[in-house]
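Pasting entry-v6.tsv here (TSV, C-alpha atoms and all ligand atoms):
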```tsv
chain	number	residue	atom	x	y	z
O	1	MET	CA	83.80	72.66	71.55
O	2	THR	CA	85.10	72.15	68.02
O	3	PHE	CA	86.26	74.90	65.70
O	4	LEU	CA	86.54	74.74	61.95
O	5	GLY	CA	89.98	76.23	62.31
O	6	THR	CA	92.29	77.60	64.94
O	7	GLN	CA	93.02	81.27	64.18
O	8	ASP	CA	96.63	82.42	63.96
O	9	LEU	CA	97.05	85.77	65.67
O	10	SER	CA	100.22	87.82	65.43
O	11	ALA	CA	101.66	89.41	68.55
O	12	ASP	CA	100.79	93.00	67.63
O	13	ALA	CA	98.21	95.34	69.20
O	14	ASP	CA	95.44	93.99	66.97
O	15	GLY	CA	96.24	90.32	67.65
O	16	ILE	CA	96.50	90.91	71.39
O	17	ALA	CA	93.16	92.79	71.45
O	18	LYS	CA	91.51	89.93	69.53
O	19	ALA	CA	93.01	87.34	71.88
O	20	ALA	CA	91.73	89.24	74.95
O	21	ASP	CA	88.30	89.43	73.32
O	22	LEU	CA	88.22	85.67	72.72
O	23	LEU	CA	89.15	85.09	76.39
O	24	ARG	CA	86.29	87.40	77.46
O	25	GLN	CA	83.93	85.24	75.38
O	26	GLY	CA	85.03	82.19	77.39
O	27	LEU	CA	87.08	80.80	74.50
O	28	LEU	CA	90.60	79.36	74.62
O	29	VAL	CA	93.73	81.07	73.34
O	30	ALA	CA	97.26	79.65	73.33
O	31	PHE	CA	99.81	82.36	74.12
O	32	PRO	CA	103.60	82.57	74.51
O	33	THR	CA	105.25	82.86	77.89
O	34	GLU	CA	108.99	82.88	78.57
O	35	THR	CA	108.72	79.22	79.73
O	36	VAL	CA	106.40	77.40	77.30
O	37	TYR	CA	103.21	78.28	75.39
O	38	GLY	CA	100.18	78.30	77.71
O	39	LEU	CA	96.60	77.27	76.89
O	40	GLY	CA	94.66	80.18	78.38
O	41	GLY	CA	91.08	80.51	79.52
O	42	ASP	CA	89.28	82.89	81.91
O	43	ALA	CA	90.07	81.50	85.40
O	44	ARG	CA	86.74	82.83	86.76
O	45	ASN	CA	84.66	81.07	84.11
O	46	GLY	CA	84.03	77.40	84.95
O	47	GLU	CA	83.00	76.54	81.39
O	48	ALA	CA	86.16	78.04	79.94
O	49	VAL	CA	88.28	76.11	82.44
O	50	ALA	CA	86.39	72.88	81.71
O	51	ALA	CA	87.12	73.48	78.02
O	52	ILE	CA	90.87	73.63	78.82
O	53	TYR	CA	90.73	70.13	80.33
O	54	GLU	CA	88.69	68.92	77.36
O	55	ALA	CA	91.06	70.39	74.74
O	56	LYS	CA	94.10	68.86	76.45
O	57	GLY	CA	92.36	65.53	77.06
O	58	ARG	CA	93.53	65.71	80.69
O	59	PRO	CA	92.58	62.53	82.51
O	60	SER	CA	91.40	64.35	85.62
O	61	PHE	CA	90.96	67.81	87.00
O	62	ASN	CA	94.49	68.71	88.09
O	63	PRO	CA	94.96	72.19	89.52
O	64	LEU	CA	96.06	74.92	87.10
O	65	ILE	CA	98.20	78.04	87.43
O	66	ALA	CA	96.42	81.43	87.41
O	67	HIS	CA	98.45	83.93	85.38
O	68	VAL	CA	98.08	87.59	86.32
O	69	ALA	CA	99.54	90.89	85.13
O	70	SER	CA	101.12	92.06	88.39
O	71	THR	CA	101.92	91.24	92.01
O	72	GLU	CA	99.13	93.63	93.03
O	73	THR	CA	96.64	91.55	91.04
O	74	ALA	CA	97.95	88.30	92.54
O	75	LYS	CA	97.31	89.69	96.03
O	76	ARG	CA	93.58	89.99	95.20
O	77	PHE	CA	93.37	86.21	94.93
O	78	VAL	CA	95.76	84.79	97.56
O	79	GLU	CA	96.88	85.44	101.15
O	80	TRP	CA	100.30	87.05	100.91
O	81	ASN	CA	103.28	86.54	103.27
O	82	ASP	CA	106.90	87.71	103.76
O	83	GLN	CA	108.39	84.82	101.83
O	84	ALA	CA	106.12	85.58	98.88
O	85	ASP	CA	107.30	89.19	99.08
O	86	ARG	CA	110.96	88.24	98.98
O	87	LEU	CA	110.60	85.75	96.14
O	88	THR	CA	108.44	87.98	93.97
O	89	HIS	CA	110.70	91.03	94.45
O	90	THR	CA	113.53	89.00	92.97
O	91	PHE	CA	111.84	86.72	90.44
O	92	TRP	CA	108.58	88.34	89.22
O	93	PRO	CA	107.80	88.82	86.47
O	94	GLY	CA	109.39	85.49	85.59
O	95	PRO	CA	109.36	81.69	85.62
O	96	LEU	CA	108.28	81.27	89.25
O	97	THR	CA	104.87	80.03	90.46
O	98	LEU	CA	103.78	80.42	94.09
O	99	VAL	CA	101.14	78.28	95.79
O	100	LEU	CA	99.39	80.29	98.51
O	101	PRO	CA	96.09	80.09	100.44
O	102	LEU	CA	93.07	81.39	98.53
O	103	ARG	CA	91.60	84.66	99.76
O	104	ALA	CA	87.93	85.02	100.65
O	105	GLY	CA	85.90	86.32	97.69
O	106	HIS	CA	88.57	85.31	95.18
O	107	GLY	CA	86.11	84.48	92.39
O	108	ILE	CA	88.37	81.80	90.86
O	109	SER	CA	86.57	78.74	89.47
O	110	SER	CA	87.02	75.67	91.68
O	111	LEU	CA	88.03	73.80	88.52
O	112	VAL	CA	91.25	75.87	88.53
O	113	THR	CA	92.16	74.79	92.07
O	114	ALA	CA	90.66	71.29	91.71
O	115	GLY	CA	88.82	72.05	94.93
O	116	LEU	CA	92.00	72.82	96.96
O	117	ASP	CA	92.07	75.83	99.31
O	118	THR	CA	95.29	77.05	97.70
O	119	LEU	CA	95.97	78.70	94.34
O	120	ALA	CA	99.06	78.61	92.11
O	121	VAL	CA	99.80	82.13	90.79
O	122	ARG	CA	102.40	83.49	88.40
O	123	VAL	CA	103.27	86.81	86.73
O	124	PRO	CA	105.00	85.82	83.48
O	125	ALA	CA	107.79	87.97	82.04
O	126	HIS	CA	107.08	87.53	78.33
O	127	PRO	CA	106.03	90.92	76.90
O	128	THR	CA	103.22	89.39	74.82
O	129	ALA	CA	101.87	87.43	77.80
O	130	ARG	CA	101.99	90.60	79.88
O	131	ALA	CA	100.23	92.63	77.17
O	132	LEU	CA	97.52	89.96	76.89
O	133	LEU	CA	96.99	89.82	80.67
O	134	ALA	CA	96.82	93.61	80.83
O	135	ALA	CA	94.33	93.78	77.94
O	136	PHE	CA	92.18	90.98	79.40
O	137	ASP	CA	92.45	92.51	82.88
O	138	GLY	CA	91.73	89.28	84.75
O	139	PRO	CA	93.26	85.97	85.84
O	140	VAL	CA	94.05	83.50	83.06
O	141	ALA	CA	94.25	79.79	83.87
O	142	ALA	CA	96.88	78.23	81.62
O	143	PRO	CA	98.49	74.82	81.58
O	144	SER	CA	101.08	74.11	78.93
O	145	ALA	CA	99.39	74.11	75.48
O	146	ASN	CA	99.90	70.44	74.59
O	147	PRO	CA	97.68	67.36	74.66
O	148	SER	CA	97.95	65.73	78.10
O	149	GLY	CA	101.11	63.63	78.57
O	150	GLN	CA	102.88	64.93	75.46
O	151	ILE	CA	105.92	67.17	75.05
O	152	SER	CA	105.39	70.80	76.10
O	153	PRO	CA	105.24	73.39	73.27
O	154	THR	CA	107.94	76.02	72.85
O	155	THR	CA	106.72	77.28	69.44
O	156	ALA	CA	103.33	78.12	67.92
O	157	ALA	CA	103.89	75.27	65.43
O	158	HIS	CA	104.15	72.78	68.35
O	159	VAL	CA	100.83	74.11	69.68
O	160	ARG	CA	99.16	73.82	66.29
O	161	ALA	CA	100.43	70.26	65.80
O	162	GLY	CA	98.83	69.21	69.11
O	163	LEU	CA	95.67	71.31	69.44
O	164	GLU	CA	94.60	72.42	65.92
O	165	GLY	CA	90.81	72.59	65.71
O	166	ARG	CA	90.42	72.28	69.48
O	167	ILE	CA	91.11	75.91	70.50
O	168	ALA	CA	89.98	79.28	69.16
O	169	ALA	CA	93.37	80.86	68.47
O	170	ILE	CA	97.13	80.82	68.85
O	171	LEU	CA	98.96	84.05	69.58
O	172	ASP	CA	102.28	83.51	67.83
O	173	ASP	CA	105.41	85.25	69.07
O	174	GLY	CA	108.21	82.87	68.15
O	175	PRO	CA	110.09	80.41	70.35
O	176	CYS	CA	110.07	80.59	74.16
O	177	GLY	CA	113.35	81.74	75.75
O	178	VAL	CA	113.50	79.67	78.95
O	179	GLY	CA	112.02	76.50	77.49
O	180	LEU	CA	111.15	74.79	80.80
O	181	GLU	CA	108.00	75.35	82.85
O	182	SER	CA	108.11	77.59	85.91
O	183	THR	CA	109.56	76.48	89.22
O	184	ILE	CA	106.66	75.90	91.65
O	185	ILE	CA	107.18	76.81	95.31
O	186	GLY	CA	104.55	75.97	97.93
O	187	LEU	CA	104.26	78.71	100.56
O	188	ALA	CA	100.96	77.72	102.16
O	189	GLU	CA	102.99	75.74	104.71
O	190	ALA	CA	106.78	75.53	105.21
O	191	PRO	CA	108.37	76.53	101.88
O	192	ALA	CA	108.59	73.50	99.59
O	193	LEU	CA	109.77	72.84	96.06
O	194	LEU	CA	106.74	71.38	94.27
O	195	ARG	CA	108.26	71.32	90.77
O	196	PRO	CA	111.78	72.18	89.60
O	197	GLY	CA	111.72	74.59	86.66
O	198	GLY	CA	113.05	77.74	85.03
O	199	ILE	CA	114.56	79.19	88.22
O	200	ALA	CA	117.17	77.03	89.94
O	201	LEU	CA	116.46	75.78	93.46
O	202	GLU	CA	119.80	77.19	94.62
O	203	GLN	CA	118.65	80.73	93.69
O	204	ILE	CA	115.36	80.34	95.57
O	205	GLU	CA	117.13	79.07	98.68
O	206	GLU	CA	119.54	81.98	98.54
O	207	VAL	CA	116.70	84.50	98.55
O	208	LEU	CA	114.74	82.72	101.31
O	209	GLN	CA	117.94	82.03	103.30
O	210	THR	CA	116.62	78.57	104.09
O	211	GLU	CA	116.68	75.08	102.66
O	212	LEU	CA	113.46	74.05	101.00
O	213	HIS	CA	111.63	70.82	101.62
O	214	HIS	CA	112.03	68.89	98.43
O	215	HIS	CA	112.00	65.43	97.08
O	216	GLN	CA	115.12	63.54	96.13
O	217	PRO	CA	116.07	63.13	92.47
O	218	GLY	CA	114.13	60.18	91.13
O	219	ASP	CA	111.25	60.71	93.54
O	220	LEU	CA	108.45	61.82	91.23
O	221	LEU	CA	105.85	62.62	93.88
O	222	THR	CA	105.62	66.40	93.84
O	223	ALA	CA	102.83	68.78	92.87
O	224	PRO	CA	99.45	67.06	92.59
O	225	GLY	CA	98.57	66.08	89.08
O	226	GLN	CA	102.16	65.71	87.91
O	227	LEU	CA	101.97	62.41	86.14
O	228	GLN	CA	105.01	60.20	86.25
O	229	SER	CA	104.93	59.60	82.49
O	230	HIS	CA	104.79	63.04	80.94
O	231	TYR	CA	106.54	65.00	78.20
O	232	ALA	CA	106.51	61.65	76.46
O	233	PRO	CA	107.63	61.30	72.85
O	234	ASP	CA	106.13	58.33	70.97
O	235	ALA	CA	109.47	56.50	70.94
O	236	PRO	CA	111.23	55.10	74.04
O	237	VAL	CA	113.71	57.40	75.79
O	238	ARG	CA	116.94	56.14	77.46
O	239	LEU	CA	118.84	58.44	79.82
O	240	ASN	CA	122.54	58.83	80.75
O	241	ALA	CA	123.61	57.25	77.46
O	242	GLN	CA	127.35	57.32	76.70
O	243	ALA	CA	126.78	55.95	73.17
O	244	ILE	CA	123.87	54.89	71.00
O	245	GLN	CA	122.50	51.36	70.83
O	246	GLY	CA	120.76	49.89	67.78
O	247	ALA	CA	118.60	52.37	65.88
O	248	GLU	CA	118.72	55.10	68.53
O	249	VAL	CA	119.24	58.77	67.80
O	250	LEU	CA	121.44	60.59	70.34
O	251	LEU	CA	120.38	63.82	72.03
O	252	GLY	CA	123.73	65.15	73.18
O	253	PHE	CA	124.97	67.58	75.81
O	254	GLY	CA	128.49	69.01	75.70
O	255	PRO	CA	131.29	68.05	73.32
O	256	VAL	CA	129.89	64.73	72.02
O	257	ALA	CA	129.16	63.39	68.53
O	258	CYS	CA	125.36	63.20	68.33
O	259	ASP	CA	122.28	63.76	66.14
O	260	LEU	CA	121.20	66.91	67.97
O	261	ASN	CA	123.03	68.79	70.73
O	262	LEU	CA	121.23	70.59	73.57
O	263	SER	CA	124.33	72.71	74.18
O	264	GLU	CA	127.74	72.02	72.67
O	265	CYS	CA	129.37	74.32	75.25
O	266	SER	CA	127.58	72.55	78.16
O	267	ASN	CA	125.46	75.59	79.02
O	268	LEU	CA	122.42	74.48	81.06
O	269	ALA	CA	120.28	77.54	80.22
O	270	GLU	CA	120.86	76.92	76.51
O	271	ALA	CA	120.05	73.22	76.99
O	272	ALA	CA	116.80	74.09	78.83
O	273	ALA	CA	115.73	76.43	76.03
O	274	ASN	CA	116.39	73.71	73.43
O	275	LEU	CA	115.02	70.69	75.32
O	276	PHE	CA	111.38	70.42	74.22
O	277	ALA	CA	112.02	71.50	70.60
O	278	ALA	CA	114.77	68.84	70.41
O	279	LEU	CA	112.40	66.16	71.73
O	280	HIS	CA	109.75	67.27	69.20
O	281	THR	CA	112.32	67.06	66.37
O	282	LEU	CA	113.79	63.68	67.37
O	283	ASN	CA	110.28	62.30	67.93
O	284	GLU	CA	109.61	62.93	64.24
O	285	THR	CA	112.42	60.50	63.29
O	286	GLY	CA	110.32	57.69	64.78
O	287	ARG	CA	113.51	56.20	66.28
O	288	PRO	CA	114.25	55.49	69.97
O	289	ILE	CA	115.95	58.41	71.71
O	290	ALA	CA	119.13	58.15	73.82
O	291	VAL	CA	120.17	61.18	75.90
O	292	SER	CA	123.66	62.13	77.15
O	293	PRO	CA	124.17	62.60	80.91
O	294	ILE	CA	123.23	66.10	82.12
O	295	PRO	CA	124.64	67.57	85.36
O	296	ASP	CA	122.01	67.72	88.12
O	297	HIS	CA	122.72	71.21	89.50
O	298	GLY	CA	121.05	74.53	88.64
O	299	LEU	CA	118.67	74.24	85.68
O	300	GLY	CA	120.03	70.71	85.14
O	301	ALA	CA	117.76	69.51	87.98
O	302	ALA	CA	114.66	70.65	86.06
O	303	ILE	CA	116.00	69.29	82.74
O	304	ASN	CA	116.60	65.89	84.38
O	305	ASP	CA	113.14	65.99	86.00
O	306	ARG	CA	111.52	66.43	82.56
O	307	LEU	CA	113.78	63.78	80.99
O	308	ARG	CA	112.97	61.23	83.72
O	309	ARG	CA	109.27	61.75	83.03
O	310	ALA	CA	109.84	61.43	79.27
O	311	ALA	CA	111.61	58.12	79.93
O	312	ALA	CA	109.16	56.81	82.58
O	313	PRO	CA	107.13	53.67	81.86
O	314	ARG	CA	103.92	54.51	79.97
O	315	ASP	CA	100.48	53.21	80.83
O	401	LIG	O1	105.66	77.65	83.06
O	401	LIG	C1	104.55	77.23	83.44
O	401	LIG	O2	104.28	77.07	84.64
O	401	LIG	C2	103.53	76.91	82.35
O	401	LIG	C3	103.21	78.23	81.64
O	401	LIG	C4	102.10	78.10	80.64
O	401	LIG	O3	102.92	79.23	82.58
O	401	LIG	N1	102.35	76.31	82.91
O	401	LIG	C5	102.32	75.03	83.38
O	401	LIG	O4	101.10	74.59	83.82
O	401	LIG	O5	103.31	74.32	83.42
O	401	LIG	P1	100.73	73.05	84.06
O	401	LIG	O6	99.25	73.00	84.23
O	401	LIG	O7	101.31	72.21	83.01
O	401	LIG	O8	101.37	72.74	85.45
O	401	LIG	C6	100.78	73.26	86.63
O	401	LIG	C7	101.35	72.57	87.83
O	401	LIG	C8	100.77	71.17	88.02
O	401	LIG	O9	101.81	70.24	88.22
O	401	LIG	C9	99.93	71.29	89.28
O	401	LIG	O10	99.95	70.13	90.01
O	401	LIG	C10	100.58	72.46	90.01
O	401	LIG	O11	100.98	73.32	88.98
O	401	LIG	N2	99.61	73.17	90.84
O	401	LIG	C11	98.63	73.99	90.42
O	401	LIG	N3	97.89	74.42	91.47
O	401	LIG	C12	98.42	73.87	92.57
O	401	LIG	C13	98.10	73.94	93.96
O	401	LIG	N4	97.07	74.65	94.41
O	401	LIG	N5	98.88	73.21	94.80
O	401	LIG	C14	99.94	72.51	94.34
O	401	LIG	N6	100.28	72.41	93.04
O	401	LIG	C15	99.53	73.08	92.16
O	402	MG	MG	102.25	70.68	81.28
```

In structure tokens, write the structure found in this file.
Amino acid sequence: MTFLGTQDLSADADGIAKAADLLRQGLLVAFPTETVYGLGGDARNGEAVAAIYEAKGRPSFNPLIAHVASTETAKRFVEWNDQADRLTHTFWPGPLTLVLPLRAGHGISSLVTAGLDTLAVRVPAHPTARALLAAFDGPVAAPSANPSGQISPTTAAHVRAGLEGRIAAILDDGPCGVGLESTIIGLAEAPALLRPGGIALEQIEEVLQTELHHHQPGDLLTAPGQLQSHYAPDAPVRLNAQAIQGAEVLLGFGPVACDLNLSECSNLAEAAANLFAALHTLNETGRPIAVSPIPDHGLGAAINDRLRRAAAPRD
């Protein structure tokens, strides 16, 4: 579907009501969450979900996350368990996605699950996302609102640059606070880390009182549909750089001389919040990007996961 223009909606009662109305019509609306902007469509409407894949230019039907307004709503769609209870008491609403078995009569389009018998669900914390989900009163399928393979959007301007003319509207509520996508935990079998993200693995393990199955750093086989090359700027990206080479620009971390610093005081949460906007900005220079070493604990694990994908060989 092509639109003459993509409407800008402000995050007030009127804008949220309009956005919910567009979703009810099966149209696509980008909306802010605390992690990144999502590209939302009605998760029960196969045509709306197909339009999400089309707008992003996704190469295949990878499963999507269903966003809902509350834990009670999530329980209508998936089989709940004790571990889900513990994690959601601590981290919902927030940047945590759980993969659980689908419940009978769930009504979710099979394009959302890519035919799997599990569903990824999340209750976001962002007040505008929550207001939209409450007004729409149904599950919203939403991948990050960027063309497939490109850097995730943390502002409405990023969304517009990537998807202008391909979606009905953008609900604009400023920059996203967390800046990294949600942590995805599989609970359909033994608890497993499927994607590092906005909540550190260490915190999840503390709540579950168990070590999670997870892949080693550098092993990129995790949730289905996570492409190795992803979050990719146009220019090459080189990691763990102590100094620049040739025409490179340096994305710094900590007290280093650089073109742009993720966090001068070496704060990983600040670095996470700045990561995608910094990649967008440096990408505009057209020069190769070198990145300072980033510690691999806490949110650093998710930052390094995204950076490895940005630096991975492209097809
Ligand atoms: O923070 C986020 O999670 C953002 C915001 C918009 O909520 N959304 C997001 O969606 O990152 P997306 O589509 O870019 O990533 C969804 C990930 C994919 O890697 C997919 O493989 C995984 O979730 N996933 C979805 N359903 C799954 C399932 N049933 N089993 C395993 N992994 C699943
Ligand atoms: Mg994405």

Counting all atoms listed in the file, what is within 9 Å of segment 67-79 of chain O, bar same-chain residues fewer than 3 positions away, as a PyMOL selection string?
chain O and resi 40+43+88+92-93+99-108+118-124+129-134+137-142+188

Hey, could you pull the box centre and edge lengths for ligand LIG 401 (chain O), axis-aligned, 8 Å padding per side, all listed atoms, to one decimal in Å, as lines of an AutoDock Vina configuration file?
```
center_x = 101.4
center_y = 74.7
center_z = 87.7
size_x = 24.6
size_y = 25.1
size_z = 30.2
```

Determine, using all atoms listed in the file, which residues of chain O have any atom at most 6 Å from an atom of ligand LIG 401 (chain O), and tabulate each with its shortest atom pair and distance in Å to one decimal place, rows ordered by chain and then rising number, as CSV.
```
residue,atom,partner,partner_atom,distance
O:Thr35,CA,O:LIG401,O1,4.8
O:Val36,CA,O:LIG401,C3,5.4
O:Tyr37,CA,O:LIG401,C4,5.4
O:Gly38,CA,O:LIG401,C4,3.5
O:Asn62,CA,O:LIG401,O10,6.0
O:Pro63,CA,O:LIG401,N3,4.2
O:Leu64,CA,O:LIG401,C11,4.3
O:Ile65,CA,O:LIG401,C11,5.1
O:Val99,CA,O:LIG401,C13,5.6
O:Thr113,CA,O:LIG401,N4,5.4
O:Leu116,CA,O:LIG401,N4,6.0
O:Thr118,CA,O:LIG401,N4,4.4
O:Leu119,CA,O:LIG401,N4,4.2
O:Ala120,CA,O:LIG401,N3,4.4
O:Ala142,CA,O:LIG401,C4,5.3
O:Pro143,CA,O:LIG401,O6,3.3
O:Ser144,CA,O:LIG401,C4,4.5
O:Glu181,CA,O:LIG401,O1,3.3
O:Ser182,CA,O:LIG401,O1,3.8
O:Ala223,CA,O:LIG401,O10,4.3
O:Pro224,CA,O:LIG401,O10,4.0
O:Gly225,CA,O:LIG401,O10,4.4
O:Gln226,CA,O:LIG401,O9,4.6
```

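Residue nearest ligand MG 402 (chain O), chosen from O:Ser10, O:Ser263, O:Ser148, O:Thr97 and counting all atoms listed in the file: O:Ser148.
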
When distances are computed from only C-alpha atoms, which of O:Gly298, O:Gly246, O:Pro313, O:Gly186 shows the smallest separation from Asn81 of chain O?
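The closest residue to Asn81 of chain O is O:Gly186.
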
Who sits within 12 Å of Asp82 of chain O, all atoms listed in the file, same chain under 2 positions skipped, as a ChimeraX atom specification:
/O:79-80,84-89,100,187-188,191,207-208

My list of candidates is O:Thr90, O:Leu194, O:Arg308, O:Leu251. Which is closest to Glu206 of chain O when distances are computed with all atoms listed in the file?
O:Thr90

By how many Å are atom CA of Gly286 of chain O and atom CA of Ala156 of chain O apart?
21.8 Å
